[in-house]
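final-v8.cif follows; it contains mmCIF, C-alpha atoms.
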data_my_file
#
loop_
_atom_site.label_atom_id
_atom_site.label_comp_id
_atom_site.auth_asym_id
_atom_site.auth_seq_id
_atom_site.Cartn_x
_atom_site.Cartn_y
_atom_site.Cartn_z
CA MET A 1 109.12 90.72 63.12
CA ASP A 2 109.19 93.10 66.09
CA LYS A 3 106.25 93.19 68.51
CA THR A 4 107.91 95.45 71.03
CA VAL A 5 106.21 98.69 71.95
CA THR A 6 108.22 101.49 73.52
CA ASP A 7 105.90 102.39 76.39
CA LEU A 8 102.87 101.22 78.34
CA ALA A 9 100.60 104.00 77.04
CA LYS A 10 101.17 102.93 73.42
CA ALA A 11 100.58 99.30 74.37
CA VAL A 12 97.10 99.96 75.81
CA ALA A 13 96.08 102.61 73.23
CA PRO A 14 93.94 100.18 71.15
CA ILE A 15 91.60 99.38 74.10
CA THR A 16 88.20 100.94 73.50
CA ASP A 17 85.16 101.71 75.67
CA GLY A 18 83.06 98.61 76.29
CA ALA A 19 85.91 96.19 75.55
CA SER A 20 86.31 92.84 77.29
CA VAL A 21 89.72 92.55 78.90
CA MET A 22 91.34 89.47 80.40
CA ILE A 23 93.82 90.33 83.13
CA GLY A 24 96.31 87.73 84.34
CA GLY A 25 97.29 87.19 87.94
CA PHE A 26 96.36 85.25 91.06
CA GLY A 27 96.41 87.07 94.38
CA SER A 28 99.15 89.67 94.00
CA SER A 29 101.28 87.43 91.79
CA GLY A 30 101.59 87.82 88.02
CA ILE A 31 99.39 90.90 87.72
CA PRO A 32 100.34 93.33 84.90
CA PHE A 33 100.28 96.36 87.20
CA GLY A 34 102.03 98.62 84.68
CA LEU A 35 99.50 97.92 81.92
CA ILE A 36 96.56 98.36 84.31
CA ASP A 37 97.90 101.74 85.47
CA ALA A 38 98.31 102.78 81.83
CA LEU A 39 94.75 101.66 81.10
CA VAL A 40 93.44 103.81 83.97
CA GLU A 41 95.31 106.81 82.51
CA GLN A 42 94.09 105.98 78.99
CA GLY A 43 90.48 106.25 80.16
CA ALA A 44 88.60 103.41 78.44
CA THR A 45 85.41 102.68 80.37
CA GLY A 46 82.47 100.27 80.52
CA LEU A 47 84.96 97.40 80.53
CA THR A 48 84.23 93.74 81.18
CA VAL A 49 87.14 92.43 83.25
CA ILE A 50 87.89 88.71 83.22
CA SER A 51 90.32 87.72 85.96
CA ASN A 52 90.58 85.30 88.87
CA ASN A 53 90.17 87.99 91.52
CA ALA A 54 88.61 91.45 91.57
CA GLY A 55 91.53 93.43 92.96
CA ALA A 56 92.70 94.27 96.45
CA GLY A 57 93.90 97.46 98.08
CA GLU A 58 94.30 100.43 95.76
CA THR A 59 96.30 98.84 92.93
CA GLY A 60 95.64 96.67 89.88
CA ILE A 61 91.99 95.85 89.14
CA ALA A 62 90.99 97.72 92.33
CA ARG A 63 92.27 100.91 90.66
CA LEU A 64 90.09 100.32 87.60
CA LEU A 65 87.07 99.68 89.85
CA ARG A 66 87.78 102.76 91.93
CA ALA A 67 87.96 104.87 88.77
CA GLY A 68 84.53 103.54 87.74
CA ARG A 69 85.76 101.93 84.52
CA VAL A 70 84.42 98.44 85.09
CA ALA A 71 80.86 97.46 84.11
CA LYS A 72 81.21 93.74 84.76
CA VAL A 73 83.60 91.33 86.47
CA ILE A 74 83.85 87.66 85.49
CA CYS A 75 85.95 85.86 88.10
CA SER A 76 86.12 82.94 90.53
CA TYR A 77 86.97 84.75 93.74
CA PRO A 78 86.01 88.43 93.97
CA ARG A 79 86.12 88.64 97.74
CA THR A 80 89.64 88.70 99.16
CA PRO A 81 91.16 90.60 102.08
CA GLY A 82 91.29 94.22 100.94
CA SER A 83 88.86 93.87 98.00
CA ILE A 84 87.09 97.03 99.19
CA TRP A 85 86.67 98.70 95.78
CA PHE A 86 84.99 95.66 94.32
CA GLU A 87 82.71 95.35 97.36
CA ARG A 88 81.74 99.04 97.26
CA ARG A 89 80.90 98.97 93.55
CA TYR A 90 79.05 95.67 93.91
CA GLU A 91 76.98 96.79 96.89
CA ALA A 92 76.07 100.02 95.06
CA GLY A 93 74.94 97.97 92.06
CA GLU A 94 77.54 99.65 89.86
CA VAL A 95 79.29 96.49 88.71
CA ALA A 96 77.79 93.21 87.52
CA LEU A 97 79.34 89.95 88.72
CA GLU A 98 79.56 86.52 87.12
CA VAL A 99 81.15 83.98 89.46
CA VAL A 100 82.69 81.00 87.66
CA PRO A 101 84.44 78.05 89.34
CA GLN A 102 88.16 78.61 88.90
CA GLY A 103 88.90 75.51 86.81
CA THR A 104 85.88 76.20 84.63
CA LEU A 105 87.06 79.79 84.16
CA ALA A 106 90.52 78.63 83.06
CA GLU A 107 89.11 75.95 80.76
CA ARG A 108 86.51 78.28 79.17
CA ILE A 109 89.37 80.64 78.36
CA ARG A 110 91.44 77.77 76.98
CA ALA A 111 88.50 76.56 74.87
CA ALA A 112 88.27 80.00 73.27
CA GLY A 113 92.00 80.05 72.58
CA ALA A 114 91.98 76.52 71.21
CA GLY A 115 89.01 77.05 68.89
CA LEU A 116 86.64 74.73 70.75
CA GLY A 117 82.90 75.24 71.11
CA GLY A 118 82.94 74.56 74.84
CA PHE A 119 83.19 71.44 77.00
CA LEU A 120 81.38 69.27 79.54
CA THR A 121 82.60 69.38 83.14
CA PRO A 122 81.37 67.68 86.32
CA THR A 123 82.28 70.87 88.21
CA ALA A 124 79.23 72.63 89.68
CA TYR A 125 76.80 69.90 88.55
CA GLY A 126 73.68 70.08 90.74
CA THR A 127 74.70 73.43 92.27
CA LYS A 128 73.49 77.01 91.97
CA LEU A 129 76.30 77.81 89.51
CA ALA A 130 74.90 75.30 87.01
CA GLU A 131 71.33 76.64 87.10
CA GLY A 132 69.94 77.21 83.62
CA LYS A 133 72.86 75.44 81.94
CA GLU A 134 72.66 72.46 79.63
CA THR A 135 73.55 69.18 81.35
CA ARG A 136 74.30 65.68 80.20
CA ILE A 137 74.79 62.30 81.88
CA ILE A 138 77.86 60.39 80.68
CA ASP A 139 78.52 56.92 82.14
CA GLY A 140 76.13 57.72 84.99
CA ARG A 141 77.80 60.98 85.93
CA GLY A 142 76.35 64.47 85.55
CA TYR A 143 78.16 67.11 83.50
CA VAL A 144 77.51 70.78 82.78
CA PHE A 145 78.08 72.36 79.38
CA GLU A 146 80.34 75.40 79.56
CA ALA A 147 80.80 77.80 76.66
CA PRO A 148 84.13 79.25 75.52
CA LEU A 149 85.12 82.64 76.94
CA CYS A 150 87.08 84.94 74.67
CA ALA A 151 88.00 88.60 75.05
CA ASP A 152 88.95 91.59 72.92
CA PHE A 153 92.19 92.09 74.87
CA ALA A 154 94.41 90.28 77.34
CA LEU A 155 96.83 92.05 79.65
CA VAL A 156 99.46 89.58 80.85
CA ARG A 157 102.59 89.74 82.96
CA ALA A 158 105.70 87.70 82.16
CA ASP A 159 109.25 87.63 83.47
CA HIS A 160 111.14 87.54 80.17
CA GLY A 161 110.01 88.28 76.64
CA ASP A 162 111.55 88.79 73.23
CA LYS A 163 110.60 90.81 70.14
CA TRP A 164 108.79 87.81 68.64
CA GLY A 165 106.40 87.82 71.63
CA ASN A 166 107.77 84.66 73.24
CA LEU A 167 107.30 84.70 77.02
CA SER A 168 108.67 82.93 80.07
CA PHE A 169 107.43 83.28 83.63
CA HIS A 170 108.65 83.31 87.21
CA ALA A 171 107.26 81.01 89.90
CA THR A 172 103.51 81.39 90.58
CA ALA A 173 103.29 84.53 88.47
CA ARG A 174 102.50 82.17 85.58
CA ASN A 175 98.93 81.24 86.64
CA PHE A 176 96.30 82.49 84.12
CA ASN A 177 98.74 84.49 81.98
CA PRO A 178 99.56 81.85 79.30
CA VAL A 179 95.96 80.76 78.75
CA MET A 180 94.66 84.34 78.61
CA ALA A 181 97.30 85.24 76.01
CA MET A 182 95.87 82.41 73.86
CA ALA A 183 92.26 83.48 74.14
CA ALA A 184 92.21 87.22 73.42
CA ARG A 185 92.10 88.76 69.96
CA HIS A 186 94.83 91.20 71.01
CA SER A 187 97.19 90.16 73.79
CA ILE A 188 99.56 92.66 75.39
CA ALA A 189 102.46 91.36 77.45
CA GLU A 190 104.21 93.38 80.12
CA VAL A 191 107.62 91.79 80.73
CA ARG A 192 110.07 92.43 83.55
CA GLN A 193 112.93 92.06 81.13
CA LEU A 194 112.90 92.35 77.37
CA SER A 195 115.58 90.06 76.04
CA GLU A 196 118.23 91.52 73.71
CA GLY A 197 118.04 88.46 71.50
CA ALA A 198 115.64 85.56 71.27
CA LEU A 199 114.55 83.55 74.32
CA GLU A 200 115.94 80.04 74.48
CA PRO A 201 113.27 77.99 72.64
CA GLU A 202 113.27 75.32 75.38
CA HIS A 203 112.40 78.02 77.95
CA VAL A 204 109.49 79.55 76.07
CA VAL A 205 106.19 78.91 77.91
CA THR A 206 103.94 81.12 75.79
CA PRO A 207 104.91 81.06 72.10
CA GLY A 208 104.87 84.47 70.41
CA ILE A 209 101.99 83.57 68.09
CA PHE A 210 99.64 84.27 71.02
CA VAL A 211 101.05 87.73 71.73
CA GLN A 212 100.47 90.90 69.70
CA SER A 213 102.63 93.36 71.61
CA VAL A 214 105.38 93.32 74.24
CA VAL A 215 106.39 96.15 76.52
CA GLU A 216 109.09 96.21 79.16
CA TYR A 217 108.15 97.17 82.73
CA ARG A 218 111.03 96.41 85.05
CA ILE A 219 109.24 96.82 88.35
CA ARG A 220 108.43 93.51 90.02
CA PRO A 221 105.79 94.23 92.65
CA MET B 1 73.06 73.04 123.58
CA ASN B 2 75.39 73.90 126.42
CA LEU B 3 78.78 74.15 124.71
CA THR B 4 80.66 74.42 128.01
CA GLN B 5 80.06 70.69 128.59
CA LEU B 6 82.15 69.81 125.53
CA ASN B 7 85.91 69.47 125.22
CA MET B 8 86.76 71.00 121.88
CA LEU B 9 90.09 70.45 120.14
CA SER B 10 92.09 73.57 119.33
CA ASP B 11 92.76 74.34 115.65
CA ALA B 12 96.32 73.04 116.06
CA GLN B 13 95.13 69.79 117.66
CA LEU B 14 92.61 69.34 114.86
CA ALA B 15 95.28 69.93 112.20
CA ALA B 16 97.53 67.38 113.93
CA ARG B 17 94.71 64.82 113.96
CA VAL B 18 94.02 65.24 110.21
CA ALA B 19 97.75 64.98 109.48
CA GLN B 20 97.87 61.45 110.96
CA ASP B 21 95.67 60.27 108.07
CA ILE B 22 97.80 61.70 105.23
CA PRO B 23 99.74 58.70 103.87
CA ASP B 24 103.35 58.68 102.71
CA GLY B 25 103.69 59.35 98.99
CA SER B 26 100.38 61.14 98.53
CA TYR B 27 99.57 64.25 96.48
CA VAL B 28 97.48 66.55 98.64
CA ASN B 29 95.65 69.85 98.16
CA LEU B 30 95.10 71.86 101.34
CA GLY B 31 92.23 74.33 101.14
CA ILE B 32 92.60 77.93 102.22
CA GLY B 33 92.39 78.80 105.92
CA LYS B 34 92.72 76.14 108.63
CA PRO B 35 93.61 73.22 106.31
CA THR B 36 96.90 74.93 105.36
CA HIS B 37 98.18 74.13 108.88
CA VAL B 38 97.90 70.36 108.37
CA SER B 39 101.27 70.11 106.58
CA ALA B 40 103.11 71.24 109.72
CA TYR B 41 101.93 68.12 111.58
CA VAL B 42 102.49 65.33 109.07
CA PRO B 43 104.64 62.75 110.90
CA GLU B 44 108.40 62.65 110.19
CA GLY B 45 109.42 60.22 107.52
CA ARG B 46 106.37 60.70 105.29
CA GLU B 47 106.92 62.47 101.96
CA VAL B 48 103.75 64.29 100.98
CA ILE B 49 103.62 66.52 97.89
CA TYR B 50 101.37 69.52 98.31
CA HIS B 51 99.53 70.98 95.34
CA SER B 52 98.42 74.58 95.22
CA GLU B 53 95.82 75.56 92.63
CA ASN B 54 97.79 78.60 91.48
CA GLY B 55 100.33 76.36 89.79
CA ILE B 56 102.66 74.48 92.14
CA LEU B 57 103.37 70.91 93.10
CA GLY B 58 105.75 70.80 96.04
CA VAL B 59 104.71 73.62 98.35
CA GLY B 60 107.28 73.97 101.13
CA PRO B 61 107.32 75.82 104.45
CA THR B 62 106.97 79.56 105.02
CA PRO B 63 110.20 81.44 104.22
CA PRO B 64 112.17 83.22 106.95
CA PRO B 65 111.31 86.96 107.20
CA GLY B 66 113.09 88.98 104.53
CA GLN B 67 113.54 86.01 102.19
CA GLU B 68 110.07 86.03 100.61
CA ASP B 69 109.76 85.83 96.83
CA LEU B 70 106.81 88.13 96.07
CA GLU B 71 105.85 85.93 93.12
CA LEU B 72 105.91 82.67 95.08
CA ILE B 73 102.62 82.33 96.94
CA ASP B 74 100.08 79.60 97.68
CA ALA B 75 96.31 79.62 97.16
CA SER B 76 95.84 81.41 100.50
CA LYS B 77 98.15 84.15 99.10
CA ARG B 78 100.78 83.36 101.75
CA TYR B 79 104.48 83.47 100.87
CA ILE B 80 105.94 79.98 100.61
CA THR B 81 109.09 78.10 99.67
CA LEU B 82 109.43 75.07 97.44
CA ALA B 83 109.98 71.46 98.49
CA PRO B 84 112.54 69.31 96.62
CA GLY B 85 111.10 68.05 93.32
CA ALA B 86 108.70 70.99 92.95
CA ALA B 87 107.18 72.08 89.62
CA PHE B 88 105.36 75.15 88.29
CA PHE B 89 102.58 75.03 85.70
CA GLU B 90 99.79 77.19 84.31
CA HIS B 91 96.18 77.21 85.44
CA THR B 92 94.54 74.74 83.06
CA ASP B 93 97.20 72.13 83.91
CA SER B 94 96.66 72.81 87.60
CA PHE B 95 92.92 72.22 87.32
CA ALA B 96 93.44 69.17 85.10
CA MET B 97 95.32 67.70 88.09
CA MET B 98 92.35 68.50 90.32
CA ARG B 99 89.42 67.52 88.10
CA GLY B 100 91.27 64.69 86.40
CA GLY B 101 91.65 62.58 89.54
CA HIS B 102 95.43 63.03 89.87
CA ILE B 103 95.38 64.52 93.38
CA ASP B 104 94.82 61.88 96.09
CA ILE B 105 93.39 63.91 98.97
CA ALA B 106 91.94 67.38 99.45
CA VAL B 107 91.41 68.89 102.90
CA LEU B 108 88.74 71.59 102.93
CA GLY B 109 86.86 73.75 105.37
CA ALA B 110 83.04 73.81 105.39
CA TYR B 111 80.01 75.77 106.52
CA GLN B 112 77.89 72.62 106.47
CA VAL B 113 78.20 68.92 105.66
CA ALA B 114 75.19 66.64 105.18
CA GLU B 115 74.87 62.94 105.99
CA ASN B 116 74.64 62.20 102.24
CA GLY B 117 78.11 63.71 101.73
CA ASP B 118 76.88 67.05 100.33
CA LEU B 119 79.25 69.92 101.06
CA ALA B 120 78.44 73.63 101.45
CA ASN B 121 81.53 75.81 101.77
CA TRP B 122 81.30 78.67 99.24
CA ALA B 123 78.22 80.80 99.85
CA THR B 124 75.78 81.57 102.63
CA LEU B 125 72.15 82.66 102.31
CA ASP B 126 73.16 86.33 102.60
CA GLU B 127 72.47 87.62 99.08
CA THR B 128 74.07 91.02 99.74
CA TYR B 129 77.46 89.39 100.23
CA PRO B 130 79.33 88.70 96.95
CA PRO B 131 79.84 84.94 96.55
CA ALA B 132 83.35 83.56 95.95
CA VAL B 133 83.80 79.97 94.82
CA GLY B 134 87.48 79.75 93.83
CA GLY B 135 88.59 76.19 93.12
CA ALA B 136 86.38 74.36 95.62
CA MET B 137 83.85 73.00 93.11
CA ASP B 138 86.62 71.67 90.85
CA LEU B 139 88.41 69.95 93.73
CA VAL B 140 85.38 68.12 95.09
CA VAL B 141 84.38 66.58 91.74
CA GLY B 142 87.87 65.37 90.90
CA VAL B 143 89.70 64.39 94.08
CA PRO B 144 88.67 60.90 95.23
CA THR B 145 89.17 61.53 98.97
CA ILE B 146 87.73 64.71 100.44
CA PHE B 147 88.53 65.38 104.10
CA VAL B 148 86.56 68.18 105.72
CA MET B 149 88.07 69.95 108.71
CA MET B 150 85.59 72.09 110.63
CA LYS B 151 84.05 73.16 113.91
CA HIS B 152 81.33 70.74 114.96
CA VAL B 153 78.83 73.53 115.73
CA ASN B 154 78.36 77.21 114.89
CA ARG B 155 79.20 79.90 117.46
CA ASP B 156 75.56 79.93 118.58
CA GLY B 157 75.64 76.16 119.16
CA THR B 158 73.55 75.22 116.11
CA PRO B 159 74.84 72.18 114.22
CA LYS B 160 76.96 72.29 111.05
CA LEU B 161 76.54 68.55 110.46
CA LEU B 162 73.02 68.09 109.13
CA GLU B 163 70.63 65.69 107.39
CA ARG B 164 70.62 68.10 104.43
CA CYS B 165 72.59 71.31 103.82
CA THR B 166 70.61 74.56 103.85
CA TYR B 167 73.37 76.67 102.24
CA PRO B 168 74.16 76.53 98.50
CA LEU B 169 76.07 73.33 97.67
CA THR B 170 79.67 73.09 96.54
CA GLY B 171 79.31 69.46 95.51
CA LEU B 172 76.87 66.57 95.87
CA GLY B 173 77.83 63.46 97.83
CA VAL B 174 81.52 64.32 97.77
CA VAL B 175 82.71 64.23 101.40
CA SER B 176 84.64 61.14 102.56
CA ARG B 177 85.43 62.00 106.17
CA VAL B 178 84.76 64.87 108.57
CA TYR B 179 87.21 65.94 111.29
CA THR B 180 85.68 68.25 113.86
CA ASP B 181 86.76 69.54 117.25
CA LEU B 182 84.47 66.89 118.79
CA ALA B 183 84.66 63.80 116.57
CA VAL B 184 85.89 62.08 113.44
CA LEU B 185 83.05 60.78 111.26
CA ASP B 186 83.04 58.85 108.00
CA VAL B 187 80.34 59.51 105.43
CA VAL B 188 78.95 56.11 104.45
CA PRO B 189 75.88 55.30 102.33
CA GLN B 190 73.74 55.14 105.50
CA GLY B 191 74.95 58.49 106.89
CA PHE B 192 77.59 59.69 109.39
CA ARG B 193 79.44 56.81 111.03
CA LEU B 194 81.51 57.45 114.15
CA VAL B 195 85.24 56.80 113.82
CA GLU B 196 86.25 58.35 117.14
CA LEU B 197 85.25 60.93 119.71
CA THR B 198 87.88 63.50 120.65
CA PRO B 199 89.14 63.03 124.23
CA GLY B 200 86.80 63.94 127.04
CA ASN B 201 83.53 63.83 125.10
CA GLY B 202 80.72 61.33 125.50
CA PHE B 203 78.64 60.02 122.60
CA GLU B 204 75.34 61.50 123.84
CA ALA B 205 76.76 65.02 124.08
CA VAL B 206 78.28 64.84 120.59
CA GLN B 207 75.07 63.38 119.15
CA ALA B 208 73.14 66.26 120.74
CA ALA B 209 75.46 68.72 118.96
CA THR B 210 74.84 67.05 115.58
CA GLY B 211 71.90 67.69 113.27
CA ALA B 212 71.80 64.13 111.94
CA LYS B 213 71.94 60.65 113.43
CA ILE B 214 75.43 59.33 114.14
CA LEU B 215 75.81 55.63 113.39
CA THR B 216 78.08 53.60 115.63
#

Encoded form using structure tokens:
Amino acid sequence: MDKTVTDLAKAVAPITDGASVMIGGFGSSGIPFGLIDALVEQGATGLTVISNNAGAGETGIARLLRAGRVAKVICSYPRTPGSIWFERRYEAGEVALEVVPQGTLAERIRAAGAGLGGFLTPTAYGTKLAEGKETRIIDGRGYVFEAPLCADFALVRADHGDKWGNLSFHATARNFNPVMAMAARHSIAEVRQLSEGALEPEHVVTPGIFVQSVVEYRIRP
Amino acid sequence: MNLTQLNMLSDAQLAARVAQDIPDGSYVNLGIGKPTHVSAYVPEGREVIYHSENGILGVGPTPPPGQEDLELIDASKRYITLAPGAAFFEHTDSFAMMRGGHIDIAVLGAYQVAENGDLANWATLDETYPPAVGGAMDLVVGVPTIFVMMKHVNRDGTPKLLERCTYPLTGLGVVSRVYTDLAVLDVVPQGFRLVELTPGNGFEAVQAATGAKILT
């Protein structure tokens, strides 16, 4: 088995117009910048982007927004210092926004990856973000039903990877990357270093079964 | 309300006051913004383990310039170091710690707090401004002790402590204690109960700056 792909362009080639794409990262950490740049060049548009943030500055998701490729953002925290491209597109009504509490976002993604039909969480019960959702009282406490969230593709960033798709991470660059790799139908991993042999099994965080292709991108932002 | 009559604590003094109430051996989540400064004031001899929602237990101090690891940041996106005994984990584990009652104390900022413990800290009434909730709603449902650290009044002198919040809620009945630049107040079933006034302020002046009755 060899899931390695020789370059970023080949790795993102399967992404089509209108696709839903999970993108790992939190703040500037753990974002697959190489894959995002390749996706901008590739040209797919009308994308639904699922990520914690909505980009900052001129790189990453901000580049996709600037290029007008994003129809909808599903995230917990779109507004960060420098999130000008998101704000411009949002104010112009050019991008739809679904704000999801961060833990609910992560767990909805996990539910999709784990084959679950959703879950009940106390998060957001009684607030605006639970409006219109099914609720239930369990042992006197209110819970909100949250549906699984899957995607056509996931773009993730890892530190090390091998040809079987096994991944390991560095510091807080782990964040949403493992769970997003689980939940997408086609997960593409950008790794800082492609291992010559197999990763040490005890060090594998994301097992290769969740990853469809691996591409090396040595730049660590 | 004439704000010049009040003696308001500085942000650093407020952080130092909150830090006194963080016990040895506790697991603590510090919200983004002002609460991140609390860790600098925890008294010597107490070991407190700081959780950051982006996947760390054991957040340490800011690194010296030039020694930042660009992939080692906290929830405020600041560069950090690790404390001894630190661990990394992915997002669903991080939020299991928060929702699952494993974190002892969270310190959060707020736009408004109500006497019934309702918290509003994620959205205003300005619909043109994109809302951003982050991890606040997950923290308040799962962490048993929620400390709020905030200014007592808005810049225009209107109160932030109210009978009921007017901004969209983050959580219902979740606040344990409020630390402001004028007072420390517990949220009890009957409402806000005074713990202490900050130095130089009289009860009447602080009550006048509060949009709900303060119990003594």

_chain A contacts to chain B at 8 Å (only C-alpha atoms) as a PyMOL selection string_ = chain A and resi 26-30+76-79+87+90-91+99-104+106-107+110+122-128+170-179+221

*Nearest to A:Ala71 among A:Asp37, A:Asp2, A:Asp17, A:Glu94, with distances taken over only C-alpha atoms: which residue is it?*
A:Glu94

_Atomic separation - atom CA of A:Thr80 relative to atom CA of B:Thr124, Å_ = 16.0 Å

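Using all atoms listed in the file, the contacts of B:Gly200 at a cut-off of 12 Å, with sequence neighbours closer than 6 positions omitted, comprise Gln5, Leu6, Asn7, Met8, Leu9, Asp181, Leu182, Ala183 and Val206 of chain B.
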
*From the set A:Asp152, A:Glu134, A:Glu98, A:Glu190, which residue has the shortest atom-to-atom contact distance to A:Gly24, counting all atoms listed in the file?*
A:Glu190
